[in-house]
file my_file.cif (mmCIF, N, CA and C atoms)
data_model
#
loop_
_atom_site.label_atom_id
_atom_site.label_comp_id
_atom_site.auth_asym_id
_atom_site.auth_seq_id
_atom_site.Cartn_x
_atom_site.Cartn_y
_atom_site.Cartn_z
N MET A 1 1.11 -45.55 70.76
CA MET A 1 0.96 -44.96 69.46
C MET A 1 -0.44 -44.39 69.28
N SER A 2 -1.43 -44.99 69.89
CA SER A 2 -2.76 -44.47 69.75
C SER A 2 -2.90 -43.14 70.46
N GLN A 3 -2.13 -42.93 71.54
CA GLN A 3 -2.15 -41.62 72.21
C GLN A 3 -1.58 -40.55 71.30
N GLN A 4 -0.54 -40.87 70.62
CA GLN A 4 0.07 -39.92 69.69
C GLN A 4 -0.89 -39.62 68.54
N GLY A 5 -1.57 -40.64 68.08
CA GLY A 5 -2.54 -40.45 67.00
C GLY A 5 -3.70 -39.59 67.46
N ALA A 6 -4.15 -39.80 68.73
CA ALA A 6 -5.24 -39.00 69.27
C ALA A 6 -4.81 -37.55 69.44
N ALA A 7 -3.57 -37.34 69.91
CA ALA A 7 -3.04 -35.98 70.07
C ALA A 7 -2.94 -35.30 68.71
N LEU A 8 -2.45 -36.05 67.74
CA LEU A 8 -2.32 -35.51 66.38
C LEU A 8 -3.70 -35.15 65.83
N GLN A 9 -4.68 -36.00 66.10
CA GLN A 9 -6.04 -35.72 65.65
C GLN A 9 -6.58 -34.47 66.33
N ASN A 10 -6.33 -34.30 67.63
CA ASN A 10 -6.77 -33.09 68.36
C ASN A 10 -6.11 -31.83 67.78
N TYR A 11 -4.79 -31.95 67.52
CA TYR A 11 -4.09 -30.80 66.94
C TYR A 11 -4.66 -30.45 65.58
N ASN A 12 -4.93 -31.49 64.82
CA ASN A 12 -5.49 -31.29 63.49
C ASN A 12 -6.86 -30.62 63.59
N ASN A 13 -7.71 -31.11 64.51
CA ASN A 13 -9.03 -30.52 64.69
C ASN A 13 -8.94 -29.05 65.11
N GLU A 14 -8.05 -28.74 66.05
CA GLU A 14 -7.86 -27.35 66.49
C GLU A 14 -7.35 -26.48 65.35
N LEU A 15 -6.41 -27.02 64.59
CA LEU A 15 -5.86 -26.28 63.45
C LEU A 15 -6.96 -25.98 62.43
N VAL A 16 -7.79 -26.96 62.12
CA VAL A 16 -8.88 -26.75 61.17
C VAL A 16 -9.84 -25.71 61.72
N LYS A 17 -10.17 -25.80 63.02
CA LYS A 17 -11.07 -24.83 63.64
C LYS A 17 -10.48 -23.43 63.58
N CYS A 18 -9.20 -23.28 63.88
CA CYS A 18 -8.55 -21.95 63.81
C CYS A 18 -8.59 -21.40 62.39
N ILE A 19 -8.31 -22.27 61.42
CA ILE A 19 -8.34 -21.84 60.02
C ILE A 19 -9.76 -21.42 59.63
N GLU A 20 -10.77 -22.18 60.06
CA GLU A 20 -12.16 -21.83 59.77
C GLU A 20 -12.55 -20.51 60.42
N ASP A 21 -12.10 -20.29 61.67
CA ASP A 21 -12.36 -19.01 62.35
C ASP A 21 -11.72 -17.85 61.60
N LEU A 22 -10.47 -18.04 61.17
CA LEU A 22 -9.78 -16.98 60.42
C LEU A 22 -10.51 -16.71 59.10
N CYS A 23 -10.97 -17.75 58.43
CA CYS A 23 -11.71 -17.58 57.17
C CYS A 23 -13.02 -16.84 57.42
N ALA A 24 -13.71 -17.18 58.52
CA ALA A 24 -14.97 -16.52 58.84
C ALA A 24 -14.72 -15.03 59.12
N LYS A 25 -13.65 -14.73 59.87
CA LYS A 25 -13.32 -13.32 60.16
C LYS A 25 -12.95 -12.58 58.87
N ARG A 26 -12.20 -13.28 58.01
CA ARG A 26 -11.82 -12.66 56.74
C ARG A 26 -13.07 -12.41 55.88
N ASP A 27 -13.98 -13.35 55.84
CA ASP A 27 -15.21 -13.19 55.07
C ASP A 27 -16.05 -12.03 55.61
N GLU A 28 -16.14 -11.90 56.93
CA GLU A 28 -16.88 -10.78 57.54
C GLU A 28 -16.20 -9.45 57.19
N LEU A 29 -14.87 -9.44 57.25
CA LEU A 29 -14.14 -8.23 56.89
C LEU A 29 -14.35 -7.89 55.42
N GLN A 30 -14.36 -8.90 54.56
CA GLN A 30 -14.61 -8.68 53.13
C GLN A 30 -16.01 -8.11 52.92
N ARG A 31 -17.01 -8.61 53.66
CA ARG A 31 -18.37 -8.10 53.56
C ARG A 31 -18.41 -6.63 53.96
N GLN A 32 -17.72 -6.28 55.05
CA GLN A 32 -17.67 -4.88 55.50
C GLN A 32 -16.97 -4.00 54.48
N ILE A 33 -15.91 -4.52 53.88
CA ILE A 33 -15.18 -3.76 52.84
C ILE A 33 -16.10 -3.47 51.66
N LEU A 34 -16.86 -4.48 51.23
CA LEU A 34 -17.76 -4.28 50.10
C LEU A 34 -18.83 -3.24 50.42
N ILE A 35 -19.37 -3.28 51.64
CA ILE A 35 -20.38 -2.30 52.04
C ILE A 35 -19.78 -0.90 52.04
N GLU A 36 -18.59 -0.76 52.60
CA GLU A 36 -17.96 0.57 52.67
C GLU A 36 -17.55 1.07 51.29
N GLU A 37 -17.12 0.17 50.41
CA GLU A 37 -16.79 0.59 49.05
C GLU A 37 -18.05 1.06 48.32
N GLU A 38 -19.16 0.37 48.55
CA GLU A 38 -20.42 0.80 47.95
C GLU A 38 -20.83 2.17 48.48
N ASP A 39 -20.71 2.37 49.79
CA ASP A 39 -21.00 3.68 50.38
C ASP A 39 -20.09 4.76 49.80
N LYS A 40 -18.82 4.40 49.66
CA LYS A 40 -17.84 5.35 49.10
C LYS A 40 -18.24 5.76 47.69
N HIS A 41 -18.63 4.80 46.87
CA HIS A 41 -19.02 5.11 45.48
C HIS A 41 -20.28 5.98 45.46
N LYS A 42 -21.23 5.69 46.35
CA LYS A 42 -22.44 6.51 46.42
C LYS A 42 -22.09 7.95 46.79
N ILE A 43 -21.23 8.11 47.79
CA ILE A 43 -20.85 9.46 48.23
C ILE A 43 -20.07 10.19 47.14
N GLU A 44 -19.17 9.48 46.47
CA GLU A 44 -18.43 10.10 45.37
C GLU A 44 -19.38 10.56 44.26
N ASN A 45 -20.39 9.76 43.98
CA ASN A 45 -21.37 10.14 42.97
C ASN A 45 -22.16 11.36 43.43
N GLU A 46 -22.55 11.37 44.70
CA GLU A 46 -23.27 12.53 45.24
C GLU A 46 -22.40 13.79 45.17
N ILE A 47 -21.13 13.64 45.47
CA ILE A 47 -20.21 14.78 45.40
C ILE A 47 -20.11 15.28 43.96
N ARG A 48 -20.00 14.35 43.01
CA ARG A 48 -19.91 14.73 41.60
C ARG A 48 -21.18 15.48 41.17
N LEU A 49 -22.34 14.93 41.56
CA LEU A 49 -23.60 15.59 41.20
C LEU A 49 -23.72 16.96 41.86
N SER A 50 -23.32 17.03 43.13
CA SER A 50 -23.37 18.32 43.84
C SER A 50 -22.42 19.32 43.22
N SER A 51 -21.24 18.86 42.81
CA SER A 51 -20.27 19.76 42.17
C SER A 51 -20.82 20.29 40.85
N GLU A 52 -21.47 19.42 40.08
CA GLU A 52 -22.07 19.87 38.82
C GLU A 52 -23.18 20.87 39.09
N LYS A 53 -23.99 20.59 40.10
CA LYS A 53 -25.09 21.50 40.44
C LYS A 53 -24.52 22.84 40.91
N LEU A 54 -23.48 22.80 41.73
CA LEU A 54 -22.86 24.03 42.20
C LEU A 54 -22.29 24.85 41.05
N ALA A 55 -21.65 24.17 40.11
CA ALA A 55 -21.08 24.88 38.95
C ALA A 55 -22.20 25.57 38.15
N LYS A 56 -23.33 24.87 37.98
CA LYS A 56 -24.44 25.46 37.23
C LYS A 56 -25.02 26.65 37.99
N ILE A 57 -25.16 26.51 39.30
CA ILE A 57 -25.69 27.62 40.12
C ILE A 57 -24.74 28.82 40.03
N ASN A 58 -23.45 28.57 40.13
CA ASN A 58 -22.47 29.67 40.03
C ASN A 58 -22.55 30.36 38.68
N GLU A 59 -22.72 29.57 37.62
CA GLU A 59 -22.84 30.14 36.27
C GLU A 59 -24.09 31.01 36.17
N ASN A 60 -25.22 30.49 36.65
CA ASN A 60 -26.47 31.26 36.61
C ASN A 60 -26.37 32.51 37.48
N LEU A 61 -25.75 32.37 38.63
CA LEU A 61 -25.58 33.51 39.53
C LEU A 61 -24.73 34.60 38.87
N ALA A 62 -23.66 34.20 38.21
CA ALA A 62 -22.81 35.19 37.52
C ALA A 62 -23.60 35.92 36.44
N LYS A 63 -24.42 35.19 35.69
CA LYS A 63 -25.24 35.83 34.65
C LYS A 63 -26.23 36.82 35.27
N LYS A 64 -26.84 36.42 36.36
CA LYS A 64 -27.81 37.30 37.01
C LYS A 64 -27.15 38.52 37.62
N ILE A 65 -25.98 38.35 38.17
CA ILE A 65 -25.26 39.51 38.74
C ILE A 65 -24.88 40.48 37.62
N THR A 66 -24.45 39.94 36.48
CA THR A 66 -24.12 40.79 35.33
C THR A 66 -25.36 41.54 34.86
N ALA A 67 -26.49 40.83 34.78
CA ALA A 67 -27.75 41.47 34.35
C ALA A 67 -28.15 42.56 35.35
N ARG A 68 -28.01 42.26 36.65
CA ARG A 68 -28.37 43.26 37.67
C ARG A 68 -27.49 44.50 37.54
N THR A 69 -26.21 44.30 37.27
CA THR A 69 -25.29 45.42 37.08
C THR A 69 -25.73 46.26 35.88
N GLU A 70 -26.17 45.62 34.82
CA GLU A 70 -26.66 46.35 33.65
C GLU A 70 -27.94 47.12 33.99
N PHE A 71 -28.83 46.49 34.77
CA PHE A 71 -30.03 47.20 35.22
C PHE A 71 -29.65 48.44 36.04
N ASP A 72 -28.72 48.26 36.97
CA ASP A 72 -28.29 49.38 37.81
C ASP A 72 -27.74 50.53 36.96
N ARG A 73 -26.92 50.17 35.95
CA ARG A 73 -26.33 51.19 35.09
C ARG A 73 -27.43 51.91 34.29
N THR A 74 -28.35 51.14 33.73
CA THR A 74 -29.44 51.73 32.94
C THR A 74 -30.30 52.64 33.81
N ILE A 75 -30.63 52.16 35.00
CA ILE A 75 -31.45 52.97 35.91
C ILE A 75 -30.73 54.25 36.28
N SER A 76 -29.45 54.16 36.58
CA SER A 76 -28.67 55.34 36.95
C SER A 76 -28.62 56.34 35.79
N GLU A 77 -28.34 55.83 34.59
CA GLU A 77 -28.29 56.73 33.43
C GLU A 77 -29.65 57.36 33.15
N THR A 78 -30.71 56.57 33.29
CA THR A 78 -32.06 57.07 33.04
C THR A 78 -32.44 58.13 34.07
N GLU A 79 -32.12 57.86 35.34
CA GLU A 79 -32.42 58.85 36.39
C GLU A 79 -31.65 60.14 36.15
N ALA A 80 -30.38 60.03 35.73
CA ALA A 80 -29.58 61.23 35.46
C ALA A 80 -30.19 62.02 34.30
N ALA A 81 -30.58 61.31 33.25
CA ALA A 81 -31.20 61.98 32.09
C ALA A 81 -32.52 62.62 32.50
N TYR A 82 -33.30 61.92 33.32
CA TYR A 82 -34.58 62.45 33.79
C TYR A 82 -34.36 63.71 34.61
N MET A 83 -33.34 63.73 35.44
CA MET A 83 -33.04 64.92 36.24
C MET A 83 -32.67 66.09 35.32
N LYS A 84 -31.95 65.81 34.25
CA LYS A 84 -31.62 66.88 33.30
C LYS A 84 -32.89 67.41 32.63
N ILE A 85 -33.80 66.49 32.30
CA ILE A 85 -35.08 66.91 31.70
C ILE A 85 -35.85 67.79 32.68
N LEU A 86 -35.88 67.40 33.96
CA LEU A 86 -36.57 68.21 34.97
C LEU A 86 -35.93 69.59 35.09
N GLU A 87 -34.61 69.63 35.11
CA GLU A 87 -33.92 70.92 35.20
C GLU A 87 -34.24 71.77 33.97
N SER A 88 -34.22 71.15 32.79
CA SER A 88 -34.53 71.88 31.55
C SER A 88 -35.98 72.37 31.57
N SER A 89 -36.88 71.52 32.06
CA SER A 89 -38.29 71.91 32.15
C SER A 89 -38.45 73.10 33.09
N GLN A 90 -37.75 73.07 34.21
CA GLN A 90 -37.82 74.18 35.16
C GLN A 90 -37.28 75.46 34.52
N THR A 91 -36.15 75.32 33.82
CA THR A 91 -35.57 76.49 33.14
C THR A 91 -36.53 77.00 32.07
N LEU A 92 -37.10 76.09 31.30
CA LEU A 92 -38.05 76.48 30.26
C LEU A 92 -39.26 77.18 30.87
N LEU A 93 -39.77 76.65 31.97
CA LEU A 93 -40.91 77.28 32.65
C LEU A 93 -40.56 78.68 33.11
N ASN A 94 -39.38 78.83 33.70
CA ASN A 94 -38.95 80.16 34.16
C ASN A 94 -38.83 81.14 32.98
N VAL A 95 -38.25 80.67 31.88
CA VAL A 95 -38.12 81.53 30.71
C VAL A 95 -39.50 81.89 30.17
N LEU A 96 -40.38 80.92 30.11
CA LEU A 96 -41.73 81.16 29.61
C LEU A 96 -42.47 82.16 30.50
N LYS A 97 -42.35 82.03 31.79
CA LYS A 97 -43.00 82.97 32.71
C LYS A 97 -42.45 84.37 32.51
N ARG A 98 -41.14 84.47 32.41
CA ARG A 98 -40.52 85.77 32.23
C ARG A 98 -40.95 86.40 30.90
N GLU A 99 -40.95 85.60 29.82
CA GLU A 99 -41.36 86.12 28.50
C GLU A 99 -42.85 86.48 28.51
N SER A 100 -43.64 85.66 29.18
CA SER A 100 -45.08 85.94 29.27
C SER A 100 -45.31 87.24 30.02
N HIS A 101 -44.59 87.43 31.10
CA HIS A 101 -44.72 88.67 31.87
C HIS A 101 -44.27 89.87 31.04
N SER A 102 -43.18 89.66 30.31
CA SER A 102 -42.67 90.73 29.46
C SER A 102 -43.68 91.09 28.37
N LEU A 103 -44.28 90.09 27.79
CA LEU A 103 -45.28 90.34 26.74
C LEU A 103 -46.51 91.04 27.31
N ARG A 104 -46.93 90.66 28.49
CA ARG A 104 -48.09 91.30 29.10
C ARG A 104 -47.82 92.77 29.37
N THR A 105 -46.62 93.04 29.87
CA THR A 105 -46.31 94.44 30.16
C THR A 105 -46.24 95.26 28.88
N LYS A 106 -45.80 94.64 27.79
CA LYS A 106 -45.76 95.37 26.53
C LYS A 106 -47.17 95.60 26.01
N VAL A 107 -48.04 94.62 26.18
CA VAL A 107 -49.42 94.75 25.72
C VAL A 107 -50.14 95.78 26.57
N ASP A 108 -49.87 95.79 27.87
CA ASP A 108 -50.55 96.71 28.76
C ASP A 108 -50.05 98.14 28.56
N GLU A 109 -48.98 98.38 27.97
CA GLU A 109 -48.45 99.72 27.81
C GLU A 109 -49.15 100.52 26.79
#
call {"tool": "encode", "arguments": {"input": "my_file.cif", "output": "C-alpha cells"}}
result
Amino acid sequence: MSQQGAALQNYNNELVKCIEDLCAKRDELQRQILIEEEDKHKIENEIRLSSEKLAKINENLAKKITARTEFDRTISETEAAYMKILESSQTLLNVLKRESHSLRTKVDE
C-alpha cells in the first residue's frame, strides 16, 4: 500500500508541476497580449492623429490651390488688359505722329 501511496504522490506532484507550467505559460502569454494590445492602441492613436493631420493638410492645400487659381486668372486678365493698353498706346502714338506731321505740313505751306 505504501508503494501505491508513493506512486499516487508522484502522480500528484507531476500533475501539480504540469498545472504550474501551464499557468506560467498562460501568464507569459497574457503578458505578451497586454504588451501587443498596448502597442495596438498606440498605433491606432497615431493613425487617428495622422489622419486628422492629413485632413487638415488636404483642406489647406485645397484652399491654396483655389487661391493660386484665382491669382492665375487675375494675372491672365491683367496681362490681357495691359496688352490692350499697349496696343491702344501704339495706335494713339501712330495717330498722333500722323496728325503732327499733317499739322506741320499745313503750317509749312
call {"tool": "atom_distance", "arguments": {"input": "my_file.cif", "atom1": "atom N of Glu20 of chain A", "atom2": "atom N of Ser2 of chain A"}}
result
26.5 Å
call {"tool": "atom_distance", "arguments": {"input": "my_file.cif", "atom1": "atom CA of Arg48 of chain A", "atom2": "atom CA of Glu36 of chain A"}}
result
18.1 Å
call {"tool": "atom_distance", "arguments": {"input": "my_file.cif", "atom1": "atom N of Ala7 of chain A", "atom2": "atom C of Cys23 of chain A"}}
result
25.8 Å
call {"tool": "build_atoms", "arguments": {"input": "my_file.cif", "residues": "segment 76-87 of chain A", "atoms": "all heavy atoms", "output": "mmCIF file, in the frame of the given file"}}
result
data_model
loop_
_atom_site.group_PDB
_atom_site.id
_atom_site.type_symbol
_atom_site.label_atom_id
_atom_site.label_comp_id
_atom_site.auth_asym_id
_atom_site.auth_seq_id
_atom_site.Cartn_x
_atom_site.Cartn_y
_atom_site.Cartn_z
ATOM 1 N N SER A 76 -29.450 54.160 36.580
ATOM 2 C CA SER A 76 -28.670 55.340 36.950
ATOM 3 C C SER A 76 -28.620 56.340 35.790
ATOM 4 O O SER A 76 -28.821 57.550 35.994
ATOM 5 C CB SER A 76 -27.260 54.906 37.345
ATOM 6 O OG SER A 76 -26.463 56.005 37.658
ATOM 7 N N GLU A 77 -28.340 55.830 34.590
ATOM 8 C CA GLU A 77 -28.290 56.730 33.430
ATOM 9 C C GLU A 77 -29.650 57.360 33.150
ATOM 10 O O GLU A 77 -29.743 58.539 32.831
ATOM 11 C CB GLU A 77 -27.797 55.959 32.201
ATOM 12 C CG GLU A 77 -26.332 55.566 32.261
ATOM 13 C CD GLU A 77 -25.916 54.667 31.107
ATOM 14 O OE1 GLU A 77 -26.769 54.312 30.253
ATOM 15 O OE2 GLU A 77 -24.723 54.301 31.066
ATOM 16 N N THR A 78 -30.710 56.570 33.290
ATOM 17 C CA THR A 78 -32.060 57.070 33.040
ATOM 18 C C THR A 78 -32.440 58.130 34.070
ATOM 19 O O THR A 78 -33.017 59.177 33.730
ATOM 20 C CB THR A 78 -33.076 55.913 33.069
ATOM 21 O OG1 THR A 78 -32.692 54.946 32.074
ATOM 22 C CG2 THR A 78 -34.477 56.398 32.774
ATOM 23 N N GLU A 79 -32.120 57.860 35.340
ATOM 24 C CA GLU A 79 -32.420 58.850 36.390
ATOM 25 C C GLU A 79 -31.650 60.140 36.150
ATOM 26 O O GLU A 79 -32.189 61.236 36.337
ATOM 27 C CB GLU A 79 -32.084 58.275 37.766
ATOM 28 C CG GLU A 79 -33.093 57.242 38.247
ATOM 29 C CD GLU A 79 -32.704 56.597 39.575
ATOM 30 O OE1 GLU A 79 -31.516 56.661 39.968
ATOM 31 O OE2 GLU A 79 -33.593 56.016 40.218
ATOM 32 N N ALA A 80 -30.380 60.030 35.730
ATOM 33 C CA ALA A 80 -29.580 61.230 35.460
ATOM 34 C C ALA A 80 -30.190 62.020 34.300
ATOM 35 O O ALA A 80 -30.304 63.255 34.366
ATOM 36 C CB ALA A 80 -28.137 60.841 35.148
ATOM 37 N N ALA A 81 -30.580 61.310 33.250
ATOM 38 C CA ALA A 81 -31.200 61.980 32.090
ATOM 39 C C ALA A 81 -32.520 62.620 32.500
ATOM 40 O O ALA A 81 -32.838 63.742 32.077
ATOM 41 C CB ALA A 81 -31.411 60.983 30.953
ATOM 42 N N TYR A 82 -33.300 61.920 33.320
ATOM 43 C CA TYR A 82 -34.580 62.450 33.790
ATOM 44 C C TYR A 82 -34.360 63.710 34.610
ATOM 45 O O TYR A 82 -35.117 64.700 34.478
ATOM 46 C CB TYR A 82 -35.323 61.383 34.594
ATOM 47 C CG TYR A 82 -36.677 61.832 35.064
ATOM 48 C CD1 TYR A 82 -37.711 62.064 34.169
ATOM 49 C CD2 TYR A 82 -36.922 62.040 36.420
ATOM 50 C CE1 TYR A 82 -38.954 62.480 34.605
ATOM 51 C CE2 TYR A 82 -38.171 62.451 36.863
ATOM 52 C CZ TYR A 82 -39.183 62.669 35.961
ATOM 53 O OH TYR A 82 -40.415 63.081 36.393
ATOM 54 N N MET A 83 -33.340 63.730 35.440
ATOM 55 C CA MET A 83 -33.040 64.920 36.240
ATOM 56 C C MET A 83 -32.670 66.090 35.320
ATOM 57 O O MET A 83 -33.083 67.224 35.574
ATOM 58 C CB MET A 83 -31.899 64.637 37.234
ATOM 59 C CG MET A 83 -32.289 63.711 38.369
ATOM 60 S SD MET A 83 -33.745 64.256 39.292
ATOM 61 C CE MET A 83 -33.120 65.729 40.060
ATOM 62 N N LYS A 84 -31.950 65.810 34.250
ATOM 63 C CA LYS A 84 -31.620 66.880 33.300
ATOM 64 C C LYS A 84 -32.890 67.410 32.630
ATOM 65 O O LYS A 84 -33.029 68.607 32.413
ATOM 66 C CB LYS A 84 -30.631 66.377 32.246
ATOM 67 C CG LYS A 84 -29.231 66.195 32.784
ATOM 68 C CD LYS A 84 -28.284 65.733 31.699
ATOM 69 C CE LYS A 84 -26.894 65.536 32.270
ATOM 70 N NZ LYS A 84 -25.952 65.057 31.260
ATOM 71 N N ILE A 85 -33.800 66.490 32.300
ATOM 72 C CA ILE A 85 -35.080 66.910 31.700
ATOM 73 C C ILE A 85 -35.850 67.790 32.680
ATOM 74 O O ILE A 85 -36.410 68.827 32.298
ATOM 75 C CB ILE A 85 -35.917 65.690 31.277
ATOM 76 C CG1 ILE A 85 -35.256 65.000 30.086
ATOM 77 C CG2 ILE A 85 -37.351 66.072 30.952
ATOM 78 C CD1 ILE A 85 -35.872 63.654 29.726
ATOM 79 N N LEU A 86 -35.880 67.400 33.960
ATOM 80 C CA LEU A 86 -36.570 68.210 34.970
ATOM 81 C C LEU A 86 -35.930 69.590 35.090
ATOM 82 O O LEU A 86 -36.647 70.610 35.163
ATOM 83 C CB LEU A 86 -36.554 67.505 36.332
ATOM 84 C CG LEU A 86 -37.479 66.306 36.495
ATOM 85 C CD1 LEU A 86 -37.315 65.705 37.886
ATOM 86 C CD2 LEU A 86 -38.926 66.693 36.257
ATOM 87 N N GLU A 87 -34.610 69.630 35.110
ATOM 88 C CA GLU A 87 -33.920 70.920 35.200
ATOM 89 C C GLU A 87 -34.240 71.770 33.970
ATOM 90 O O GLU A 87 -34.488 72.979 34.089
ATOM 91 C CB GLU A 87 -32.409 70.690 35.319
ATOM 92 C CG GLU A 87 -31.981 70.106 36.655
ATOM 93 C CD GLU A 87 -30.508 69.704 36.665
ATOM 94 O OE1 GLU A 87 -29.777 69.969 35.686
ATOM 95 O OE2 GLU A 87 -30.092 69.098 37.678
#
